[in-house]
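Source file final.cif; content: mmCIF, C-alpha atoms and all ligand atoms.
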```
data_work
#
loop_
_atom_site.group_PDB
_atom_site.id
_atom_site.type_symbol
_atom_site.label_atom_id
_atom_site.label_comp_id
_atom_site.auth_asym_id
_atom_site.auth_seq_id
_atom_site.Cartn_x
_atom_site.Cartn_y
_atom_site.Cartn_z
ATOM 1 C CA MET M 1 4.330 110.560 24.127
ATOM 2 C CA ALA M 2 0.731 109.415 23.476
ATOM 3 C CA MET M 3 -0.479 106.652 25.788
ATOM 4 C CA PRO M 4 -1.950 103.464 24.264
ATOM 5 C CA PRO M 5 -5.775 103.368 24.258
ATOM 6 C CA TYR M 6 -7.444 101.984 27.373
ATOM 7 C CA ASN M 7 -8.143 98.261 27.107
ATOM 8 C CA PRO M 8 -10.894 97.156 29.543
ATOM 9 C CA PHE M 9 -9.856 93.522 29.106
ATOM 10 C CA ALA M 10 -6.159 93.923 29.869
ATOM 11 C CA ALA M 11 -4.878 91.648 32.650
ATOM 12 C CA ASP M 12 -4.141 94.555 35.018
ATOM 13 C CA CYS M 13 -7.851 95.589 34.948
ATOM 14 C CA SER M 14 -9.047 92.256 36.277
ATOM 15 C CA LEU M 15 -9.207 93.343 39.935
ATOM 16 C CA ARG M 16 -10.803 96.689 39.169
ATOM 17 C CA TYR M 17 -14.491 97.461 38.515
ATOM 18 C CA VAL M 18 -16.731 98.694 35.726
ATOM 19 C CA LEU M 19 -19.419 100.972 37.173
ATOM 20 C CA ILE M 20 -22.612 101.048 35.117
ATOM 21 C CA THR M 21 -25.513 103.406 35.811
ATOM 22 C CA GLY M 22 -28.875 102.357 34.407
ATOM 23 C CA ALA M 23 -27.795 98.740 34.914
ATOM 24 C CA SER M 24 -31.226 97.397 35.903
ATOM 25 C CA MET M 25 -32.504 96.893 32.342
ATOM 26 C CA GLY M 26 -32.069 97.728 28.671
ATOM 27 C CA ILE M 27 -28.688 98.784 27.304
ATOM 28 C CA GLY M 28 -27.118 99.126 30.788
ATOM 29 C CA ALA M 29 -28.004 95.551 31.789
ATOM 30 C CA LEU M 30 -26.566 94.302 28.504
ATOM 31 C CA PHE M 31 -23.304 96.145 29.181
ATOM 32 C CA ALA M 32 -23.204 94.343 32.537
ATOM 33 C CA ARG M 33 -23.686 90.952 30.884
ATOM 34 C CA GLU M 34 -21.044 91.654 28.224
ATOM 35 C CA PHE M 35 -18.373 92.851 30.677
ATOM 36 C CA ALA M 36 -19.181 89.995 33.088
ATOM 37 C CA LYS M 37 -18.765 87.423 30.299
ATOM 38 C CA ARG M 38 -15.332 88.882 29.694
ATOM 39 C CA GLY M 39 -14.305 88.633 33.346
ATOM 40 C CA ARG M 40 -14.786 92.187 34.603
ATOM 41 C CA ASN M 41 -16.031 92.936 38.133
ATOM 42 C CA LEU M 42 -19.038 95.250 38.250
ATOM 43 C CA VAL M 43 -20.810 97.932 40.263
ATOM 44 C CA LEU M 44 -24.469 98.186 39.224
ATOM 45 C CA VAL M 45 -26.436 101.388 39.856
ATOM 46 C CA ALA M 46 -30.124 102.190 39.212
ATOM 47 C CA ARG M 47 -33.335 102.349 41.275
ATOM 48 C CA SER M 48 -34.710 98.827 40.657
ATOM 49 C CA ALA M 49 -32.897 96.993 43.453
ATOM 50 C CA ASP M 50 -34.560 93.588 42.897
ATOM 51 C CA ALA M 51 -33.741 93.510 39.187
ATOM 52 C CA MET M 52 -30.096 94.412 39.885
ATOM 53 C CA HIS M 53 -29.704 91.862 42.703
ATOM 54 C CA MET M 54 -31.100 89.141 40.439
ATOM 55 C CA LEU M 55 -28.762 90.119 37.632
ATOM 56 C CA ALA M 56 -25.820 90.312 40.045
ATOM 57 C CA GLU M 57 -26.521 86.853 41.438
ATOM 58 C CA GLU M 58 -26.799 85.370 37.961
ATOM 59 C CA LEU M 59 -23.522 86.971 36.814
ATOM 60 C CA ARG M 60 -21.615 85.987 39.954
ATOM 61 C CA ARG M 61 -22.728 82.384 39.452
ATOM 62 C CA SER M 62 -22.245 82.130 35.693
ATOM 63 C CA CYS M 63 -19.111 84.275 35.284
ATOM 64 C CA GLY M 64 -17.328 83.977 38.647
ATOM 65 C CA ILE M 65 -16.917 87.743 38.971
ATOM 66 C CA ARG M 66 -17.563 90.139 41.855
ATOM 67 C CA VAL M 67 -20.654 92.315 41.568
ATOM 68 C CA GLU M 68 -21.644 95.155 43.881
ATOM 69 C CA VAL M 69 -25.165 96.607 43.750
ATOM 70 C CA PHE M 70 -25.908 100.176 44.766
ATOM 71 C CA PRO M 71 -29.593 101.114 44.440
ATOM 72 C CA ALA M 72 -29.832 104.874 43.908
ATOM 73 C CA ASP M 73 -32.191 107.440 42.478
ATOM 74 C CA LEU M 74 -29.951 109.553 40.276
ATOM 75 C CA ARG M 75 -32.321 112.509 40.400
ATOM 76 C CA ASP M 76 -31.214 112.937 43.993
ATOM 77 C CA PRO M 77 -28.476 115.630 43.953
ATOM 78 C CA GLY M 78 -26.429 113.771 46.610
ATOM 79 C CA SER M 79 -26.406 110.456 44.735
ATOM 80 C CA PRO M 80 -23.051 110.856 42.896
ATOM 81 C CA GLU M 81 -21.160 111.481 46.170
ATOM 82 C CA ARG M 82 -22.897 108.510 47.823
ATOM 83 C CA ILE M 83 -21.921 106.239 44.925
ATOM 84 C CA LEU M 84 -18.282 107.327 45.211
ATOM 85 C CA GLU M 85 -18.359 106.834 48.992
ATOM 86 C CA PHE M 86 -19.850 103.336 48.541
ATOM 87 C CA CYS M 87 -17.031 102.426 46.134
ATOM 88 C CA HIS M 88 -14.386 103.729 48.555
ATOM 89 C CA LEU M 89 -15.912 101.814 51.495
ATOM 90 C CA ARG M 90 -15.992 98.586 49.477
ATOM 91 C CA HIS M 91 -12.485 99.187 48.079
ATOM 92 C CA THR M 92 -13.831 98.862 44.552
ATOM 93 C CA GLU M 93 -11.462 100.748 42.281
ATOM 94 C CA VAL M 94 -13.456 101.882 39.249
ATOM 95 C CA ASP M 95 -11.456 102.172 36.025
ATOM 96 C CA LEU M 96 -14.420 102.330 33.635
ATOM 97 C CA LEU M 97 -17.482 104.470 34.290
ATOM 98 C CA ILE M 98 -20.409 103.860 31.949
ATOM 99 C CA ASN M 99 -22.973 106.632 32.282
ATOM 100 C CA CYS M 100 -25.935 104.822 30.766
ATOM 101 C CA ALA M 101 -28.905 105.833 32.962
ATOM 102 C CA GLY M 102 -31.192 108.109 31.049
ATOM 103 C CA LEU M 103 -34.805 108.928 30.406
ATOM 104 C CA SER M 104 -36.976 110.737 27.958
ATOM 105 C CA ARG M 105 -40.486 112.126 27.599
ATOM 106 C CA ALA M 106 -42.326 112.124 24.292
ATOM 107 C CA GLY M 107 -44.623 115.009 23.426
ATOM 108 C CA ASP M 108 -44.718 118.774 23.347
ATOM 109 C CA PHE M 109 -42.263 120.562 25.606
ATOM 110 C CA SER M 110 -45.101 122.619 27.125
ATOM 111 C CA ASP M 111 -46.788 119.431 28.348
ATOM 112 C CA ILE M 112 -43.822 118.027 30.315
ATOM 113 C CA PRO M 113 -44.670 118.010 34.038
ATOM 114 C CA GLU M 114 -42.191 120.071 36.048
ATOM 115 C CA GLU M 115 -40.963 117.118 38.115
ATOM 116 C CA LYS M 116 -40.310 115.105 34.924
ATOM 117 C CA LEU M 117 -38.352 118.041 33.483
ATOM 118 C CA ASP M 118 -36.236 118.144 36.646
ATOM 119 C CA GLU M 119 -35.625 114.390 36.504
ATOM 120 C CA ILE M 120 -34.598 114.383 32.838
ATOM 121 C CA VAL M 121 -32.189 117.286 33.321
ATOM 122 C CA MET M 122 -30.783 115.851 36.544
ATOM 123 C CA VAL M 123 -30.262 112.245 35.453
ATOM 124 C CA ASN M 124 -29.231 112.866 31.837
ATOM 125 C CA MET M 125 -26.926 115.825 32.497
ATOM 126 C CA LEU M 126 -25.999 116.908 36.010
ATOM 127 C CA THR M 127 -25.582 113.469 37.580
ATOM 128 C CA LEU M 128 -23.604 112.262 34.564
ATOM 129 C CA ALA M 129 -21.285 115.275 34.786
ATOM 130 C CA LYS M 130 -20.866 114.927 38.568
ATOM 131 C CA LEU M 131 -20.118 111.205 38.428
ATOM 132 C CA THR M 132 -17.556 111.865 35.722
ATOM 133 C CA ARG M 133 -16.008 114.655 37.808
ATOM 134 C CA LEU M 134 -15.888 112.464 40.929
ATOM 135 C CA PHE M 135 -14.417 109.321 39.358
ATOM 136 C CA LEU M 136 -11.914 111.011 37.034
ATOM 137 C CA PRO M 137 -9.210 112.101 39.521
ATOM 138 C CA ASP M 138 -8.368 108.509 40.574
ATOM 139 C CA MET M 139 -8.185 107.471 36.924
ATOM 140 C CA VAL M 140 -5.935 110.428 36.096
ATOM 141 C CA GLN M 141 -3.674 109.575 39.020
ATOM 142 C CA ARG M 142 -3.403 105.946 37.853
ATOM 143 C CA LYS M 143 -2.973 107.158 34.245
ATOM 144 C CA GLN M 144 -5.529 104.554 33.234
ATOM 145 C CA GLY M 145 -9.289 104.468 32.837
ATOM 146 C CA ALA M 146 -12.240 105.412 30.711
ATOM 147 C CA ILE M 147 -15.549 107.216 30.707
ATOM 148 C CA MET M 148 -18.239 105.988 28.357
ATOM 149 C CA ASN M 149 -21.281 108.222 28.053
ATOM 150 C CA ILE M 150 -24.426 106.983 26.358
ATOM 151 C CA ALA M 151 -25.675 109.894 24.264
ATOM 152 C CA SER M 152 -27.972 109.524 21.240
ATOM 153 C CA LEU M 153 -28.372 110.523 17.610
ATOM 154 C CA ALA M 154 -31.043 112.838 19.057
ATOM 155 C CA GLY M 155 -28.184 114.982 20.373
ATOM 156 C CA PHE M 156 -27.055 116.128 16.922
ATOM 157 C CA GLN M 157 -30.103 118.364 16.389
ATOM 158 C CA GLY M 158 -33.259 119.343 18.204
ATOM 159 C CA VAL M 159 -35.950 116.695 17.748
ATOM 160 C CA PRO M 160 -39.524 118.044 17.709
ATOM 161 C CA GLY M 161 -41.503 115.970 20.218
ATOM 162 C CA LEU M 162 -38.290 115.069 22.093
ATOM 163 C CA GLY M 163 -36.957 118.589 22.614
ATOM 164 C CA LEU M 164 -35.692 118.342 26.171
ATOM 165 C CA TYR M 165 -34.272 114.854 25.671
ATOM 166 C CA SER M 166 -32.407 115.884 22.518
ATOM 167 C CA ALA M 167 -30.995 118.932 24.324
ATOM 168 C CA THR M 168 -29.682 116.762 27.171
ATOM 169 C CA LYS M 169 -28.028 114.418 24.666
ATOM 170 C CA SER M 170 -26.356 117.399 22.932
ATOM 171 C CA PHE M 171 -24.903 118.278 26.339
ATOM 172 C CA ILE M 172 -23.467 114.762 26.672
ATOM 173 C CA ILE M 173 -21.912 114.852 23.203
ATOM 174 C CA THR M 174 -20.367 118.296 23.743
ATOM 175 C CA LEU M 175 -18.996 117.461 27.195
ATOM 176 C CA SER M 176 -17.582 114.136 25.979
ATOM 177 C CA GLU M 177 -15.870 115.772 22.990
ATOM 178 C CA ALA M 178 -14.188 118.326 25.225
ATOM 179 C CA LEU M 179 -13.075 115.722 27.792
ATOM 180 C CA HIS M 180 -11.807 113.419 25.056
ATOM 181 C CA ALA M 181 -9.484 116.192 23.888
ATOM 182 C CA GLU M 182 -8.551 117.362 27.424
ATOM 183 C CA LEU M 183 -7.570 113.869 28.539
ATOM 184 C CA LYS M 184 -5.991 112.681 25.314
ATOM 185 C CA LYS M 185 -2.476 112.539 26.684
ATOM 186 C CA SER M 186 -3.401 111.250 30.133
ATOM 187 C CA GLY M 187 -4.278 107.653 29.244
ATOM 188 C CA ILE M 188 -7.999 108.227 29.905
ATOM 189 C CA SER M 189 -10.427 107.438 27.079
ATOM 190 C CA VAL M 190 -13.676 109.361 26.790
ATOM 191 C CA THR M 191 -16.286 108.095 24.358
ATOM 192 C CA ALA M 192 -19.838 109.204 23.598
ATOM 193 C CA VAL M 193 -21.989 106.444 22.138
ATOM 194 C CA CYS M 194 -24.679 107.779 19.801
ATOM 195 C CA PRO M 195 -27.316 105.146 19.028
ATOM 196 C CA GLY M 196 -30.463 105.705 17.018
ATOM 197 C CA PHE M 197 -33.733 104.083 18.079
ATOM 198 C CA THR M 198 -32.907 100.909 19.998
ATOM 199 C CA ASP M 199 -35.219 98.118 21.095
ATOM 200 C CA THR M 200 -35.603 98.624 24.859
ATOM 201 C CA ALA M 201 -38.432 99.639 27.182
ATOM 202 C CA ILE M 202 -37.479 103.322 26.880
ATOM 203 C CA PHE M 203 -40.411 103.896 24.523
ATOM 204 C CA GLU M 204 -42.954 102.625 27.059
ATOM 205 C CA HIS M 205 -41.214 104.573 29.824
ATOM 206 C CA SER M 206 -41.332 107.821 27.826
ATOM 207 C CA GLY M 207 -44.771 107.515 26.235
ATOM 208 C CA HIS M 208 -43.261 107.218 22.735
ATOM 209 C CA ASN M 209 -45.445 105.027 20.512
ATOM 210 C CA ARG M 210 -42.815 102.914 18.772
ATOM 211 C CA THR M 211 -45.162 101.963 15.922
ATOM 212 C CA GLN M 212 -44.952 105.602 14.761
ATOM 213 C CA ILE M 213 -41.153 105.542 14.400
ATOM 214 C CA ARG M 214 -40.141 105.845 10.763
ATOM 215 C CA LEU M 215 -36.657 104.314 11.023
ATOM 216 C CA PRO M 216 -35.420 100.784 11.734
ATOM 217 C CA VAL M 217 -35.109 100.073 15.467
ATOM 218 C CA CYS M 218 -31.713 98.588 16.290
ATOM 219 C CA LYS M 219 -31.005 95.680 18.653
ATOM 220 C CA PRO M 220 -29.306 96.714 21.925
ATOM 221 C CA GLU M 221 -26.658 94.001 21.363
ATOM 222 C CA VAL M 222 -25.469 95.950 18.301
ATOM 223 C CA VAL M 223 -25.128 99.115 20.375
ATOM 224 C CA VAL M 224 -23.155 97.397 23.140
ATOM 225 C CA GLU M 225 -20.791 95.624 20.755
ATOM 226 C CA ALA M 226 -20.072 98.820 18.796
ATOM 227 C CA ALA M 227 -19.608 100.774 22.030
ATOM 228 C CA ILE M 228 -16.989 98.357 23.368
ATOM 229 C CA LYS M 229 -15.131 98.275 20.052
ATOM 230 C CA GLY M 230 -15.199 102.090 19.896
ATOM 231 C CA LEU M 231 -13.955 102.372 23.473
ATOM 232 C CA MET M 232 -11.013 100.072 22.738
ATOM 233 C CA LYS M 233 -10.039 102.266 19.781
ATOM 234 C CA ASN M 234 -10.499 105.397 21.897
ATOM 235 C CA ARG M 235 -13.118 106.783 19.504
ATOM 236 C CA MET M 236 -14.553 110.123 20.541
ATOM 237 C CA LEU M 237 -17.966 109.325 19.040
ATOM 238 C CA VAL M 238 -19.429 105.900 18.291
ATOM 239 C CA TYR M 239 -22.234 105.365 15.756
ATOM 240 C CA PRO M 240 -23.452 101.801 16.263
ATOM 241 C CA THR M 241 -24.881 101.262 12.758
ATOM 242 C CA LEU M 242 -24.109 102.433 9.231
ATOM 243 C CA LEU M 243 -27.481 104.156 9.149
ATOM 244 C CA ASP M 244 -26.584 106.131 12.307
ATOM 245 C CA ARG M 245 -23.355 107.276 10.682
ATOM 246 C CA PHE M 246 -25.165 108.159 7.454
ATOM 247 C CA LEU M 247 -27.796 110.217 9.314
ATOM 248 C CA VAL M 248 -25.137 112.255 11.118
ATOM 249 C CA TYR M 249 -22.906 112.750 8.088
ATOM 250 C CA SER M 250 -25.829 113.699 5.819
ATOM 251 C CA GLN M 251 -26.412 116.714 8.052
ATOM 252 C CA ARG M 252 -23.312 118.249 6.495
ATOM 253 C CA VAL M 253 -25.187 118.776 3.246
ATOM 254 C CA ALA M 254 -28.651 119.483 4.659
ATOM 255 C CA SER M 255 -29.865 122.804 6.019
ATOM 256 C CA ARG M 256 -30.299 122.924 9.798
ATOM 257 C CA GLY M 257 -34.066 123.323 9.370
ATOM 258 C CA MET M 258 -34.224 120.262 7.150
ATOM 259 C CA ALA M 259 -32.224 118.151 9.637
ATOM 260 C CA ILE M 260 -34.575 119.156 12.462
ATOM 261 C CA GLY M 261 -37.700 118.559 10.387
ATOM 262 C CA LEU M 262 -36.481 115.134 9.307
ATOM 263 C CA ALA M 263 -35.523 114.163 12.865
ATOM 264 C CA GLY M 264 -39.079 114.999 13.979
ATOM 265 C CA PHE M 265 -40.547 113.089 11.036
ATOM 266 C CA PHE M 266 -38.454 109.977 11.843
ATOM 267 C CA ALA M 267 -39.416 110.099 15.537
ATOM 268 C CA GLY M 268 -43.076 110.254 14.486
ATOM 269 C CA ILE M 269 -44.297 111.816 17.726
ATOM 270 C CA ARG M 270 -46.048 114.934 16.475
ATOM 271 C CA SER M 271 -48.998 114.096 14.225
ATOM 272 C CA ASP M 272 -49.056 117.589 12.648
ATOM 273 C CA ARG M 273 -45.685 117.056 10.885
HETATM 274 N N1 LIG Y 1 -33.430 102.868 23.466
HETATM 275 C C1 LIG Y 1 -33.139 103.855 22.616
HETATM 276 O O1 LIG Y 1 -33.788 104.048 21.564
HETATM 277 C C2 LIG Y 1 -31.955 104.749 22.902
HETATM 278 C C3 LIG Y 1 -31.383 105.450 21.830
HETATM 279 C C4 LIG Y 1 -30.318 106.303 22.079
HETATM 280 C C5 LIG Y 1 -29.816 106.426 23.370
HETATM 281 N N2 LIG Y 1 -30.390 105.732 24.377
HETATM 282 C C6 LIG Y 1 -29.862 105.935 25.740
HETATM 283 O O2 LIG Y 1 -29.431 104.704 26.263
HETATM 284 C C7 LIG Y 1 -29.474 104.759 27.689
HETATM 285 C C8 LIG Y 1 -30.182 103.508 28.212
HETATM 286 O O3 LIG Y 1 -31.522 103.545 27.780
HETATM 287 P P1 LIG Y 1 -32.393 102.231 27.496
HETATM 288 O O4 LIG Y 1 -32.844 102.306 26.098
HETATM 289 O O5 LIG Y 1 -31.702 101.038 27.991
HETATM 290 O O6 LIG Y 1 -33.663 102.613 28.388
HETATM 291 P P2 LIG Y 1 -34.390 101.858 29.593
HETATM 292 O O7 LIG Y 1 -34.591 100.433 29.268
HETATM 293 O O8 LIG Y 1 -35.577 102.722 29.898
HETATM 294 O O9 LIG Y 1 -33.322 101.957 30.783
HETATM 295 C C9 LIG Y 1 -33.066 103.186 31.415
HETATM 296 C C10 LIG Y 1 -32.155 102.929 32.608
HETATM 297 O O10 LIG Y 1 -31.944 104.187 33.268
HETATM 298 C C11 LIG Y 1 -32.242 104.019 34.654
HETATM 299 N N3 LIG Y 1 -32.799 105.241 35.229
HETATM 300 C C12 LIG Y 1 -33.776 106.024 34.727
HETATM 301 N N4 LIG Y 1 -34.089 106.992 35.598
HETATM 302 C C13 LIG Y 1 -33.308 106.796 36.690
HETATM 303 C C14 LIG Y 1 -33.170 107.447 37.948
HETATM 304 N N5 LIG Y 1 -33.935 108.502 38.300
HETATM 305 N N6 LIG Y 1 -32.252 106.981 38.820
HETATM 306 C C15 LIG Y 1 -31.484 105.902 38.509
HETATM 307 N N7 LIG Y 1 -31.557 105.246 37.337
HETATM 308 C C16 LIG Y 1 -32.472 105.695 36.448
HETATM 309 C C17 LIG Y 1 -33.282 102.908 34.698
HETATM 310 O O11 LIG Y 1 -33.234 102.221 35.947
HETATM 311 P P3 LIG Y 1 -34.376 102.252 37.085
HETATM 312 O O12 LIG Y 1 -35.676 102.539 36.434
HETATM 313 O O13 LIG Y 1 -34.256 100.889 37.698
HETATM 314 O O14 LIG Y 1 -33.927 103.334 37.992
HETATM 315 C C18 LIG Y 1 -32.774 101.981 33.600
HETATM 316 O O15 LIG Y 1 -31.808 101.103 34.110
HETATM 317 C C19 LIG Y 1 -30.201 106.059 28.039
HETATM 318 O O16 LIG Y 1 -29.247 107.039 28.374
HETATM 319 C C20 LIG Y 1 -30.895 106.433 26.737
HETATM 320 O O17 LIG Y 1 -31.106 107.816 26.617
HETATM 321 C C21 LIG Y 1 -31.439 104.878 24.183
#
```
As a first step, turn the structure in this file into structure tokens.
Amino acid sequence: MAMPPYNPFAADCSLRYVLITGASMGIGALFAREFAKRGRNLVLVARSADAMHMLAEELRRSCGIRVEVFPADLRDPGSPERILEFCHLRHTEVDLLINCAGLSRAGDFSDIPEEKLDEIVMVNMLTLAKLTRLFLPDMVQRKQGAIMNIASLAGFQGVPGLGLYSATKSFIITLSEALHAELKKSGISVTAVCPGFTDTAIFEHSGHNRTQIRLPVCKPEVVVEAAIKGLMKNRMLVYPTLLDRFLVYSQRVASRGMAIGLAGFFAGIRSDR
């Protein structure tokens, strides 16, 4: 018999924890605020320790929840195991893992410095997969839990000027789809959230001039709200806006070349297109 979809706000989740990577700013920090407002305990992970401690203190005070902070550089291959160990030592049972940490680099693939390439691949793909692999067994044993992976519309086709980033987001979508199906009958929800351009500091961090973007830039609040609704309905893929959905569905009638060309045009990174 099919299990009911995971509900992160059910009474029996109240002592457990939501672990959010990339929780120091942007979409990840907003997830933290939203889950805190609704009474969930949190584990925050990213590199910016001060930003996370400030956020944690604010949420403990305003929402009366428990918040653990684990500063970690997710490009470090040992970081997933250390995060799991930290959770075990603190007896923080994680029933929702939100893999939100991610980074990008705008420009030609041939210009990406090698260490940036390593970081993008490590954080966006390998660390996400390892964290999922490490936290899943406890969820499966409890027959309750969820993995939410923050992918991107960029993952539905290669994006000229964001080639490596779009490839890593395709990985997240493909892995999430497979896990969603594998875990369907186990009570574990797996959701990939696929936002379009969203108003955070990612553009400054990646060298992407946001004034060149030829699509509306969405508010992160819209992404977080749609993600939580999608999770509660056990959606495999979540498109936060109607435009996001339209852009993905319109690929069914466009040629592959046209979809890729348009994605590059919308991103507005390469001046020769
Ligand atoms: N904004 C958009 O247009 C958009 C669209 C689609 C999908 N997304 C995805 O949404 C997610 C959140 O992005 P955002 O827009 O909120 O970007 P952001 O403001 O740049 O936040 C990125 C987060 O990832 C963390 N991070 C980056 N590298 C890390 C590392 N080596 N180790 C640990 N943490 C690291 C950062 O924390 P520290 O720097 O403190 O480590 C930060 O908390 C990403 O996966 C992104 O790909 C964003």
Written as a VMD selection string, which residues does the PyMOL selection byres (((chain M and resi 95-99) around 9) and not hetatm) give for the file shown? chain M and resid 8 13 16 to 22 28 31 93 to 94 100 to 102 124 128 131 to 132 135 to 136 138 to 139 144 to 150
Minimum-distance residue to Met232 (chain M), chosen among M:Ser189, M:Arg40, M:Asn209, M:Val69 (using only C-alpha atoms):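 Smallest separation from Met232 (chain M) among the options: M:Ser189.
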Taking all atoms listed in the file into account, name the residue in M:Leu30, M:Met3, M:Ala56, M:Val67 that is nearest to Ile228 (chain M).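 Ranking M:Leu30, M:Met3, M:Ala56, M:Val67 by distance to Ile228 (chain M), first place goes to M:Leu30.
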Reference answer for the PyMOL selection byres (((not hetatm)) within 6 of (chain Y and resi 1)), as a ChimeraX atom specification: /M:22-28,46-48,72-75,100-103,123,150-152,195-202,205
Output file for the selection above: C-alpha atoms, as a compact mmCIF listing (two decimals), in the coordinates of the input:
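Result saved to again15.txt:
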```
# COMPACT_ATOMS: atom_id res chain seq x y z
CA GLY M 22 -28.88 102.36 34.41
CA ALA M 23 -27.80 98.74 34.91
CA SER M 24 -31.23 97.40 35.90
CA MET M 25 -32.50 96.89 32.34
CA GLY M 26 -32.07 97.73 28.67
CA ILE M 27 -28.69 98.78 27.30
CA GLY M 28 -27.12 99.13 30.79
CA ALA M 46 -30.12 102.19 39.21
CA ARG M 47 -33.34 102.35 41.28
CA SER M 48 -34.71 98.83 40.66
CA ALA M 72 -29.83 104.87 43.91
CA ASP M 73 -32.19 107.44 42.48
CA LEU M 74 -29.95 109.55 40.28
CA ARG M 75 -32.32 112.51 40.40
CA CYS M 100 -25.94 104.82 30.77
CA ALA M 101 -28.90 105.83 32.96
CA GLY M 102 -31.19 108.11 31.05
CA LEU M 103 -34.80 108.93 30.41
CA VAL M 123 -30.26 112.24 35.45
CA ILE M 150 -24.43 106.98 26.36
CA ALA M 151 -25.68 109.89 24.26
CA SER M 152 -27.97 109.52 21.24
CA PRO M 195 -27.32 105.15 19.03
CA GLY M 196 -30.46 105.70 17.02
CA PHE M 197 -33.73 104.08 18.08
CA THR M 198 -32.91 100.91 20.00
CA ASP M 199 -35.22 98.12 21.10
CA THR M 200 -35.60 98.62 24.86
CA ALA M 201 -38.43 99.64 27.18
CA ILE M 202 -37.48 103.32 26.88
CA HIS M 205 -41.21 104.57 29.82
```
Result set, the PyMOL selection byres (((chain M and resi 184) around 12) and not hetatm) on current file, as a list in words: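 On this input, the PyMOL selection byres (((chain M and resi 184) around 12) and not hetatm) captures Met1, Ala2, Met3, Pro4, Pro5, Tyr6, Val140, Lys143, Gln144, Gly145, Ala146, Ser176, Glu177, Ala178, Leu179, His180, Ala181, Glu182, Leu183, Lys185, Ser186, Gly187, Ile188, Ser189, Val190, Thr191, Asn234, Arg235 and Met236 of chain M.
Distance check against Gly64 (chain M) using only C-alpha atoms: of M:Arg133, M:Arg38, M:Lys219, M:Lys116, the minimum falls on M:Arg38.
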Tell me which protein, DNA and RNA residues are within 6 Å of region 105-115 of chain M, counting only C-alpha atoms, leaving out same-chain ones fewer than 2 positions away, and put them as an NGL selection string. :M and (117-118 or 161-162 or 206-208)
With only C-alpha atoms as the basis for distance, which of M:Arg60, M:Lys130, M:His88, M:Arg252 is at the shortest distance from Asn41 (chain M)?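 Residue with the minimum atom-to-atom distance to Asn41 (chain M): M:Arg60.
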Need the axis-aligned box for region 247-260 of chain M with 3 Å each side, so what are the centre and edges in Å to one decimal, as lines of an AutoDock Vina configuration file?
```
center_x = -28.7
center_y = 116.8
center_z = 7.9
size_x = 17.7
size_y = 19.1
size_z = 15.2
```
Arg256 (chain M) proximity check over M:Val223, M:Ile269, M:Ile213, M:Val159, using all atoms listed in the file: winner is M:Val159
Nearby residues (all atoms listed in the file) at most 10 Å from Ala167 (chain M), same-chain spacing under 2 positions excluded, as a PyMOL selection string: chain M and resi 121+124-125+154-159+162-165+169-172
Contacts of region 245-250 of chain M at 12 Å or less, counting all atoms listed in the file, minus same-chain residues fewer than 3 places along, as a list in words?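 My list of contacting residues is Ser152, Leu153, Ala154, Gly155, Phe156, Gln157, Val193, Cys194, Pro195, Gly196, Leu215, Leu237, Val238, Tyr239, Pro240, Thr241, Leu242, Val253, Ala254, Ser255, Arg256, Met258, Ala259, Ile260, Leu262, Ala263 and Phe266 of chain M.
Between CA of Glu225 (chain M) and CA of Ser104 (chain M) lies a distance of 23.3 Å.
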State, in Å with one decimal place, the distance from CA of Leu134 (chain M) to CA of Ala10 (chain M).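 That distance, rounded to one decimal, is 23.7 Å.
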In terms of the shortest atom-to-atom distance over all atoms listed in the file, which of M:Val43, M:Ala11, M:Cys63, M:Ile173 is closest to Ala129 (chain M)?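 Nearest candidate to Ala129 (chain M) out of M:Val43, M:Ala11, M:Cys63, M:Ile173: M:Ile173.
As for CA of Thr168 (chain M) and CA of Leu126 (chain M), they are spaced 9.6 Å apart.
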Region 142-161 of chain M dumped to file, C-alpha atoms, as a PDB file, in the first residue's frame:
```
ATOM      1  CA  ARG M 142      11.909   5.101  10.082  1.00  0.00           C
ATOM      2  CA  LYS M 143       9.759   4.919   6.918  1.00  0.00           C
ATOM      3  CA  GLN M 144       9.539   8.697   7.042  1.00  0.00           C
ATOM      4  CA  GLY M 145      11.537  11.570   5.610  1.00  0.00           C
ATOM      5  CA  ALA M 146      12.329  13.632   2.569  1.00  0.00           C
ATOM      6  CA  ILE M 147      15.120  14.864   0.356  1.00  0.00           C
ATOM      7  CA  MET M 148      14.676  18.190  -1.377  1.00  0.00           C
ATOM      8  CA  ASN M 149      17.287  19.027  -3.988  1.00  0.00           C
ATOM      9  CA  ILE M 150      17.554  22.525  -5.400  1.00  0.00           C
ATOM     10  CA  ALA M 151      18.164  22.083  -9.122  1.00  0.00           C
ATOM     11  CA  SER M 152      17.397  24.742 -11.747  1.00  0.00           C
ATOM     12  CA  LEU M 153      15.649  25.303 -15.059  1.00  0.00           C
ATOM     13  CA  ALA M 154      19.234  25.380 -16.373  1.00  0.00           C
ATOM     14  CA  GLY M 155      19.276  21.602 -15.893  1.00  0.00           C
ATOM     15  CA  PHE M 156      16.775  20.918 -18.681  1.00  0.00           C
ATOM     16  CA  GLN M 157      19.238  21.817 -21.456  1.00  0.00           C
ATOM     17  CA  GLY M 158      22.796  23.011 -21.819  1.00  0.00           C
ATOM     18  CA  VAL M 159      23.009  26.775 -21.321  1.00  0.00           C
ATOM     19  CA  PRO M 160      25.745  28.499 -23.354  1.00  0.00           C
ATOM     20  CA  GLY M 161      27.742  30.633 -20.910  1.00  0.00           C
TER      21      GLY M 161
END
```
